[in-house]
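Engineer: Just dropping this structure here.
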Amino acid sequence: PPAVFPLSCAVQNYSWGKVGLASEVAKLLASSDPLVQIQPDQPYAELWMGAHPRGDAVIRDNRIPQKTLGRWIADNPACLGVKVKDAFQGRLPFLFKVLSVNTALSIQAHPNKELAEKLHAQLPEHYPDANHKPEMAIALTPFEGLCGFRPVEEIVSFLQNVPELRALIGEVAAEQLERSGSDDPRGVSAALRVCFTRLMKSEKKFFVDQLNMLVKRISQEAAEGKDTSGSNGDLLLRLHSQYPGDIGCFTIYFLNLVRLEPGDAMFLGANEPHAYLHGDCVECMACSDNTVRAGLTPKFIDVLTLCEMLNYTPAPSSSKIFPATQSQLDPSVYLYDPPVPDFAIMRIEVPPSIKLYLVSAVDSASILLVIQGTAVGTSTAAASEMTLRRGSVLFISANESISLHLSSPDGMLLFRACCLL
């Protein structure tokens, strides 16, 4: 039976997604399947490439009796590769996605395995499984997100320039952070925890009043042509217009604003506070739905758990960019290999000079996404040749390779998610 085949993937129309053909998700869909009708007023937020029960990919090969990838893997677990199959109980250990973000996602963090087990036991309706959920995003277009705590001197500067923020946190906690010295990292983290927790737990009416005062003041300063960067004015007004009266608006004074250019990546380990703000990316994550949220969202909010679990280690935004390493064996491949076993991502840039390219075998099931270029793919494990174009998605069983016969003059850009144990 075929072990390499094309997939038709699930789309999620979350309200924060980019709308119509402004969305990379919609563009990929439209070019991969000319019959798809893109609704011009509908958000296209996420493309799910994997076997998640709420978005199991459909197999596009009528010689395969199983209709979805999840069912096919369940019937053919050897396709995962021996190590992956044993380590992850016969399941694909990752979910691969494309995200098109128009408005901010919630301020969130994902629990480690230990906390996930506890939360799942206590609140299964909000924490549906017992797994961790590390994730990695790689920008396809210029991408912005909040990630991790800023260096203390930046937070202190905001505390001194934004009286509304200082009022919410209180003088005692603010001074404690101002006095904490870089020679005592545990003292710094403790002071940061107190400040952030006081912010997130402040009385609703009080913080709405302070937020309104702040927004009014910044709007006036901006209208007068003043520089509002000392109060992070542009981002504040943008988030407030998306989520008026939301406590999440104040987190911009604590969390790094990280800007990624196409190809740059951000790795989000357990307990790292983050929120995607704008742009398109590919994302890979461990198979879990555990998200602890605390703002910029209408969903269930669990402020206490979030404030307890976070990693309060300050670091500059530049440290949040995760490097790719160029493969020694194949200069077209750049590997993003995060410090977790569940997944890795390859960015494959085939130059225009190459007309025949081999997508090499790895000892893991993998999912291949075409972002740019066209080719005909052949594999001894595929039933017939496959036409690959922008938006095409292929499932590749462990230890299978594909020959790409390129037909586009400007090379190809591919992303491949796999598990490198």
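Within each chain, counting starts at residue 1; across the structure tokens, chains are named A, B, ... in the order shown, with ligands numbered 1 upward in that order.
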Given only C-alpha atoms, how would the per-residue table for range 127-153 of chain A near range 91-103 of chain A read, listing every residue at most 12 Å away with its closest atom pair and distance in Å to one decimal, sorted by chain and number, as a tab-separated table?

Structural biologist:
```
residue	atom	partner	partner_atom	distance
A:Asn131	CA	A:Pro93	CA	10.6
A:His132	CA	A:Pro93	CA	11.2
A:Lys133	CA	A:Phe94	CA	9.4
A:Pro134	CA	A:Phe94	CA	9.9
A:Glu135	CA	A:Phe94	CA	9.4
A:Met136	CA	A:Phe96	CA	9.8
A:Ala137	CA	A:Leu99	CA	9.0
A:Ile138	CA	A:Val98	CA	9.5
A:Ala139	CA	A:Leu99	CA	9.5
A:Leu140	CA	A:Val98	CA	9.1
A:Thr141	CA	A:Ser100	CA	9.4
A:Pro142	CA	A:Val101	CA	11.0
A:Phe143	CA	A:Val101	CA	8.7
A:Glu144	CA	A:Val101	CA	9.3
A:Gly145	CA	A:Val101	CA	10.0
```

Engineer: Do you know which residues are at most 7 Å from range 214-230 of chain A counting only C-alpha atoms, after dropping those on the same chain fewer than 3 positions away, and could you put them as a list in words?

Structural biologist: Phe158, Asn161, Glu164, Gln210, Leu211, Gly233 and Leu237 of chain A

Engineer: Next, dump the selected residues to file, keeping only C-alpha atoms, as a JSON list (two decimals), in the first residue's frame.

Structural biologist:
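Result file selection00.json:
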```
[["chain", "number", "residue", "atom", "x", "y", "z"],
["A", 158, "PHE", "CA", 7.84, 51.48, 32.18],
["A", 161, "ASN", "CA", 6.90, 56.28, 32.81],
["A", 164, "GLU", "CA", -1.32, 53.85, 35.64],
["A", 210, "GLN", "CA", -6.53, 52.93, 34.91],
["A", 211, "LEU", "CA", -6.50, 51.49, 31.38],
["A", 233, "GLY", "CA", 2.05, 53.73, 23.04],
["A", 237, "LEU", "CA", -3.49, 51.55, 21.37]]
```

Engineer: Of the candidates A:Cys249, A:Ala74, A:Leu35, A:Ile345, which one gets nearest to Leu369 in chain A if we count only C-alpha atoms?

Structural biologist: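 The closest residue to Leu369 in chain A is A:Ile345.
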
Engineer: Could you check which of A:Met49, A:Leu165, A:Leu255, A:Leu388 is closest to Thr313 in chain A, using only C-alpha atoms?

Structural biologist: A:Leu255

Engineer: Go through A:Phe5, A:Tyr14, A:Phe343, A:Tyr44 and flag the residue nearest Cys287 in chain A, using only C-alpha atoms for the distances.

Structural biologist: A:Phe343

Engineer: Can you pull out every residue within 9 Å of range 337-342 of chain A, counting only C-alpha atoms, but drop anything in the same chain fewer than 5 positions away, and send it as a list of chain:residue names?

Structural biologist: A:Val84, A:Phe88, A:Pro93, A:Phe94, A:Pro134, A:Glu135, A:Met136, A:Phe267, A:Gly269, A:Met285, A:Ala286, A:Cys287, A:Phe322, A:Pro323, A:Ala324, A:Thr325, A:Cys418, A:Cys419, A:Leu420, A:Leu421

Engineer: Output the selection as a compact mmCIF listing (two decimals), in the first residue's frame - N, CA and C atoms for each residue.

Structural biologist:
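Below is the file result-v6.txt, written as the result:
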```txt
# COMPACT_ATOMS: atom_id res chain seq x y z
N VAL A 84 9.90 6.31 17.14
CA VAL A 84 8.77 7.22 17.38
C VAL A 84 7.55 6.44 17.83
N PHE A 88 6.00 7.23 21.53
CA PHE A 88 4.74 7.99 21.59
C PHE A 88 3.51 7.10 21.40
N PRO A 93 3.45 12.32 17.07
CA PRO A 93 3.66 13.13 18.28
C PRO A 93 3.51 14.63 18.10
N PHE A 94 3.21 15.09 16.88
CA PHE A 94 3.15 16.54 16.68
C PHE A 94 1.96 16.92 15.82
N PRO A 134 4.89 22.14 24.16
CA PRO A 134 5.89 23.08 23.61
C PRO A 134 5.53 23.37 22.16
N GLU A 135 5.87 24.56 21.69
CA GLU A 135 5.58 24.89 20.29
C GLU A 135 6.66 25.77 19.70
N MET A 136 6.75 25.74 18.38
CA MET A 136 7.72 26.56 17.67
C MET A 136 7.03 27.21 16.49
N PHE A 267 10.89 29.66 19.82
CA PHE A 267 10.51 28.41 20.50
C PHE A 267 9.87 28.75 21.83
N GLY A 269 8.85 27.11 25.13
CA GLY A 269 8.89 25.95 26.03
C GLY A 269 7.80 26.07 27.09
N MET A 285 3.81 21.81 17.11
CA MET A 285 3.61 21.68 18.55
C MET A 285 3.45 20.22 18.92
N ALA A 286 3.67 19.93 20.20
CA ALA A 286 3.36 18.60 20.70
C ALA A 286 1.84 18.44 20.72
N CYS A 287 1.38 17.19 20.69
CA CYS A 287 -0.06 16.95 20.63
C CYS A 287 -0.72 17.17 21.98
N PHE A 322 15.05 31.70 17.84
CA PHE A 322 15.67 30.37 17.87
C PHE A 322 16.40 30.12 16.56
N PRO A 323 17.68 29.77 16.64
CA PRO A 323 18.48 29.66 15.41
C PRO A 323 18.24 28.35 14.64
N ALA A 324 18.36 28.43 13.34
CA ALA A 324 18.33 27.23 12.50
C ALA A 324 19.77 26.87 12.14
N THR A 325 20.05 25.59 12.01
CA THR A 325 21.40 25.18 11.58
C THR A 325 21.32 24.57 10.19
N CYS A 418 8.91 16.73 11.52
CA CYS A 418 9.19 15.33 11.81
C CYS A 418 9.60 15.19 13.27
N CYS A 419 10.01 13.99 13.65
CA CYS A 419 10.39 13.74 15.04
C CYS A 419 11.76 13.09 15.02
N LEU A 420 12.79 13.78 15.51
CA LEU A 420 14.16 13.27 15.42
C LEU A 420 14.61 12.76 16.79
N LEU A 421 14.32 11.51 17.08
CA LEU A 421 14.71 10.99 18.40
C LEU A 421 16.17 10.56 18.40
```

Engineer: Fewer than 3 positions away in the same chain doesn't count, so skip those; otherwise give me all residues within 9 Å of Pro298 in chain A, counting only C-alpha atoms, as a list in words.

Structural biologist: Ser106, Gly295 and Ile301 of chain A

Engineer: Dump N, CA and C atoms for the selected residues as an mmCIF file, in the first residue's frame?

Structural biologist:
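And here's selection_16.cif as it stands now:
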```cif
data_model
loop_
_atom_site.group_PDB
_atom_site.id
_atom_site.type_symbol
_atom_site.label_atom_id
_atom_site.label_comp_id
_atom_site.auth_asym_id
_atom_site.auth_seq_id
_atom_site.Cartn_x
_atom_site.Cartn_y
_atom_site.Cartn_z
ATOM 1 N N SER A 106 -4.628 35.127 22.791
ATOM 2 C CA SER A 106 -4.601 35.361 24.231
ATOM 3 C C SER A 106 -3.190 35.277 24.813
ATOM 4 N N GLY A 295 -5.919 36.635 29.515
ATOM 5 C CA GLY A 295 -6.150 37.967 28.968
ATOM 6 C C GLY A 295 -6.097 37.970 27.451
ATOM 7 N N ILE A 301 -10.431 31.807 31.616
ATOM 8 C CA ILE A 301 -9.220 32.459 32.120
ATOM 9 C C ILE A 301 -8.853 31.860 33.474
#
```

Engineer: What is the CA of Leu413 in chain A-CA of Val370 in chain A distance in Å, reported with one decimal?

Structural biologist: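 Separation of CA of Leu413 in chain A and CA of Val370 in chain A: 6.3 Å.
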
Engineer: Could you pull out the strand (DSSP E or B) residues of range 139-180 of chain A, going by DSSP on the backbone, and write them as a PyMOL selection string?

Structural biologist: chain A and resi 139+143-149

Engineer: Give me, as a ChimeraX atom specification, the residues of range 77-181 of chain A that a backbone DSSP run labels alpha helix (DSSP H).

Structural biologist: /A:82-87,113-122,152-161,163-169,171-179

Engineer: Excluding His274 in chain A and any residue of its chain fewer than 3 positions from it, enumerate the residues within 7 Å of it, using only C-alpha atoms, and give them as a PyMOL selection string.

Structural biologist: chain A and resi 107-109+146-148

Engineer: With only C-alpha atoms as the atoms that count, which of A:Pro163, A:Pro53, A:Gly187, A:Gly20 lies nearest to Phe250 in chain A?

Structural biologist: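 The answer is A:Pro163, which sits nearest to Phe250 in chain A.
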
Engineer: Which of these, A:Thr374, A:Ser360, A:Gln42, A:Ser332, has the shortest distance to Ser401 in chain A once you count only C-alpha atoms?

Structural biologist: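 Residue with the minimum atom-to-atom distance to Ser401 in chain A: A:Ser360.
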
Engineer: Under the rule that only C-alpha atoms are counted, which of A:Ser180, A:Gly81, A:Phe395, A:Arg193 is the nearest residue to Thr68 in chain A?

Structural biologist: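 Closest residue, counting only C-alpha atoms: A:Phe395.
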
Engineer: Could you tell me how far CA of Ser8 in chain A lies from CA of Arg60 in chain A, in Å and to one decimal?

Structural biologist: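 Interatomic distance, CA of Ser8 in chain A to CA of Arg60 in chain A: 6.4 Å.
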
Engineer: Using CA of Gln12 in chain A and CA of Gly70 in chain A as the two end points, give the distance in Å to one decimal.

Structural biologist: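 For CA of Gln12 in chain A relative to CA of Gly70 in chain A, the distance reads 17.8 Å.
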
Engineer: Once you count only C-alpha atoms, what closest atom pair and distance in Å to one decimal does each residue of range 307-361 of chain A within 12 Å of range 111-122 of chain A have, with rows by chain and rising residue number, as JSON lines?

Structural biologist:
```
{"residue": "A:Cys307", "atom": "CA", "partner": "A:Pro111", "partner_atom": "CA", "distance": 11.8}
{"residue": "A:Glu308", "atom": "CA", "partner": "A:Leu115", "partner_atom": "CA", "distance": 10.7}
{"residue": "A:Met309", "atom": "CA", "partner": "A:Pro111", "partner_atom": "CA", "distance": 7.4}
{"residue": "A:Leu310", "atom": "CA", "partner": "A:Pro111", "partner_atom": "CA", "distance": 8.8}
{"residue": "A:Asn311", "atom": "CA", "partner": "A:Pro111", "partner_atom": "CA", "distance": 10.7}
{"residue": "A:Val340", "atom": "CA", "partner": "A:Asn112", "partner_atom": "CA", "distance": 11.2}
```

Engineer: Which polymer residues have any atom within 8 Å of an atom of Ala10 in chain A, counting only C-alpha atoms, with same-chain residues fewer than 6 positions away left out, as a PyMOL selection string?

Structural biologist: chain A and resi 47-49+55-57

Engineer: Could the residues in this selection be saved with N, CA and C atoms as a PDB file, in the first residue's frame?

Structural biologist:
```pdb
ATOM      1  N   LEU A  47      -4.374  26.322   9.538  1.00  0.00           N
ATOM      2  CA  LEU A  47      -4.418  25.103   8.737  1.00  0.00           C
ATOM      3  C   LEU A  47      -3.780  24.020   9.599  1.00  0.00           C
ATOM      4  N   TRP A  48      -4.498  22.930   9.847  1.00  0.00           N
ATOM      5  CA  TRP A  48      -3.983  21.847  10.701  1.00  0.00           C
ATOM      6  C   TRP A  48      -3.523  20.687   9.834  1.00  0.00           C
ATOM      7  N   MET A  49      -2.233  20.392   9.889  1.00  0.00           N
ATOM      8  CA  MET A  49      -1.662  19.301   9.099  1.00  0.00           C
ATOM      9  C   MET A  49      -1.246  18.200  10.067  1.00  0.00           C
ATOM     10  N   GLY A  55      -9.357  17.869  13.848  1.00  0.00           N
ATOM     11  CA  GLY A  55      -8.963  18.368  12.529  1.00  0.00           C
ATOM     12  C   GLY A  55      -8.068  17.362  11.841  1.00  0.00           C
ATOM     13  N   ASP A  56      -8.570  16.124  11.763  1.00  0.00           N
ATOM     14  CA  ASP A  56      -7.802  15.023  11.169  1.00  0.00           C
ATOM     15  C   ASP A  56      -7.724  15.234   9.648  1.00  0.00           C
ATOM     16  N   ALA A  57      -6.506  15.198   9.097  1.00  0.00           N
ATOM     17  CA  ALA A  57      -6.338  15.428   7.658  1.00  0.00           C
ATOM     18  C   ALA A  57      -6.980  14.291   6.860  1.00  0.00           C
TER      19      ALA A  57
END
```
